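Asker: Pasting in a structure now, in structure tokens, and then I'll have a few things to ask.
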Amino acid sequence: LIFFERVVQLHRAQIKTGDSLRGIGNVLGRSGPPPPAAVVEAVSICDQTEGPVARMVRAAVLELGGGVPRVREVMEQAGLAELPRLERNLALLLTLAQCAPIAGLLGTVLWLIHVLSTIMEKAPLVHAGDLGGGLSQALITTAAGLAVALPTYVGYNFLVSRVDSIVLDMERSCIEFQALVRQWAVVQEGPS
């Protein structure tokens with residue numbers, strides 16, 4: 001359940017990030033600092049777009065008057081605020097993946113203790129039937145632990161790669177938006 005919830009949330013976080021950033025760039029224009037109406041429209045586009053990139057850009061649009069350093073700072077702060085949302089429940093998934101084999105091993109050890117106590121009770125005439133059930137239970141617990149751990153590890157690593165991809169999108173959008181703000185500064189200063 002944790003895996004599927006994260007897959008859906010991370011998919012939503014990555015939808016249309018490039019399109020919305022281009023749309024915001026078009027609204028704000030490239031010929032100088034945007035008028036207030038364009039800023040309001042850009043904020044509206046960000047509000048309608050789901051995901052961390054849109055929230056980062058929204059924070060930056062609201063701070064356009066501060067120049068490139070302020071925009072960079074605001075985008076970095078917004079990006080840091082988004083990371084916990086992206087990584088939510090990943091630690092729990094990793095913990096489950098790491099604990100499942102240990103729980104299986106514990107079950108194996110407990111059943112082997114049971115088998116050894118059976119051997120001690122029935123000695124010297126121990127039959128294979130006396131041991132078979134306990135040994136099979138011991139192996140089943142190990143197999144169950146490994147059967148849980150394997151797909152959980154795979155799912156965890158898949159989700160980590162998706163988070164890394166989204167973080168890369170966030171960094172790319174931050175660089176692109178800062179370039180746009182720099183371009184406005186150059187236009188505003190005029191040719192030297």
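In the structure tokens, the first chain shown is A, the next is B, and so on; residue numbers restart at 1 for each chain, and ligands run from 1 in the order shown.
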Within 9 Å of Ala97 in chain A, counting only C-alpha atoms, which residues show up once you throw out same-chain ones fewer than 6 positions away? Write them as a list in words, please.
Answerer: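 After dropping sequence-adjacent residues, the list is Gly145, Leu146, Val148, Ala149, Leu150, Pro151, Thr152, Tyr153 and Tyr156 of chain A.
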Asker: Taking the DSSP secondary structure from the backbone, can you list the residues of range 33-128 of chain A that are helix (DSSP H, G or I), as a VMD selection string?
Answerer: chain A and resid 36 to 48 52 to 61 64 to 86 90 to 122 128
Asker: What is the CA of Phe177 in chain A-CA of Ser161 in chain A distance in Å, reported with one decimal?
Answerer: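 That distance, rounded to one decimal, is 24.2 Å.
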Asker: Within 12 Å of range 5-7 of chain A, counting only C-alpha atoms, which residues qualify if same-chain residues fewer than 5 places away don't, as a ChimeraX atom specification?
Answerer: /A:12-14,85-93,155-163
Asker: For a test of reading the model, state the distance in Å between CA of Pro35 in chain A and CA of Ala81 in chain A, rounded to one decimal.
Answerer: 28.3 Å
Asker: Using CA of Ala143 in chain A and CA of Cys99 in chain A as the two end points, give the distance in Å to one decimal.
Answerer: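 So the two atoms, CA of Ala143 in chain A and CA of Cys99 in chain A, lie 13.5 Å apart.
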Asker: Restrict the calculation to only C-alpha atoms, then for each residue of range 87-173 of chain A with any atom at most 12 Å from an atom of range 52-64 of chain A give the closest atom pair and their distance in Å to one decimal, rows by chain and rising residue number, as JSON lines.
Answerer:
{"residue": "A:Val163", "atom": "CA", "partner": "A:Pro52", "partner_atom": "CA", "distance": 11.0}
{"residue": "A:Ser165", "atom": "CA", "partner": "A:Val53", "partner_atom": "CA", "distance": 11.9}
{"residue": "A:Ile166", "atom": "CA", "partner": "A:Pro52", "partner_atom": "CA", "distance": 8.2}
{"residue": "A:Val167", "atom": "CA", "partner": "A:Pro52", "partner_atom": "CA", "distance": 8.8}
{"residue": "A:Leu168", "atom": "CA", "partner": "A:Val53", "partner_atom": "CA", "distance": 10.1}
{"residue": "A:Asp169", "atom": "CA", "partner": "A:Val53", "partner_atom": "CA", "distance": 7.3}
{"residue": "A:Met170", "atom": "CA", "partner": "A:Val53", "partner_atom": "CA", "distance": 5.3}
{"residue": "A:Glu171", "atom": "CA", "partner": "A:Val53", "partner_atom": "CA", "distance": 8.8}
{"residue": "A:Arg172", "atom": "CA", "partner": "A:Val53", "partner_atom": "CA", "distance": 9.4}
{"residue": "A:Ser173", "atom": "CA", "partner": "A:Val53", "partner_atom": "CA", "distance": 6.9}
Asker: Can you work out which one of A:Pro69, A:Pro84, A:Gly107, A:Gly25 has the shortest atom-to-atom distance to Ile140 in chain A, counting only C-alpha atoms?
Answerer: A:Gly107
Asker: Could you tell me which of A:Gly29, A:Ile175, A:Thr108, A:Ile24 comes closest to Asp47 in chain A if we count only C-alpha atoms?
Answerer: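 Distance minimum relative to Asp47 in chain A lands on A:Ile24.
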Asker: Given only C-alpha atoms as the basis, pick out the residue of A:Gly51, A:Phe3, A:Gly66, A:Ala144 nearest to Ala78 in chain A.
Answerer: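 Using only C-alpha atoms, Ala78 in chain A sits closest to A:Gly51.
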Asker: Of the residues A:Leu94, A:Gly129, A:Thr141, A:Thr118, which is the one nearest to Leu106 in chain A, using only C-alpha atoms?
Answerer: A:Thr141
Asker: Measuring atom to atom with only C-alpha atoms, identify which of A:Ala128, A:Ala123, A:Leu80, A:Ala138 is nearest to Trp111 in chain A.
Answerer: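 Comparing A:Ala128, A:Ala123, A:Leu80, A:Ala138 against Trp111 in chain A, the winner is A:Ala138.
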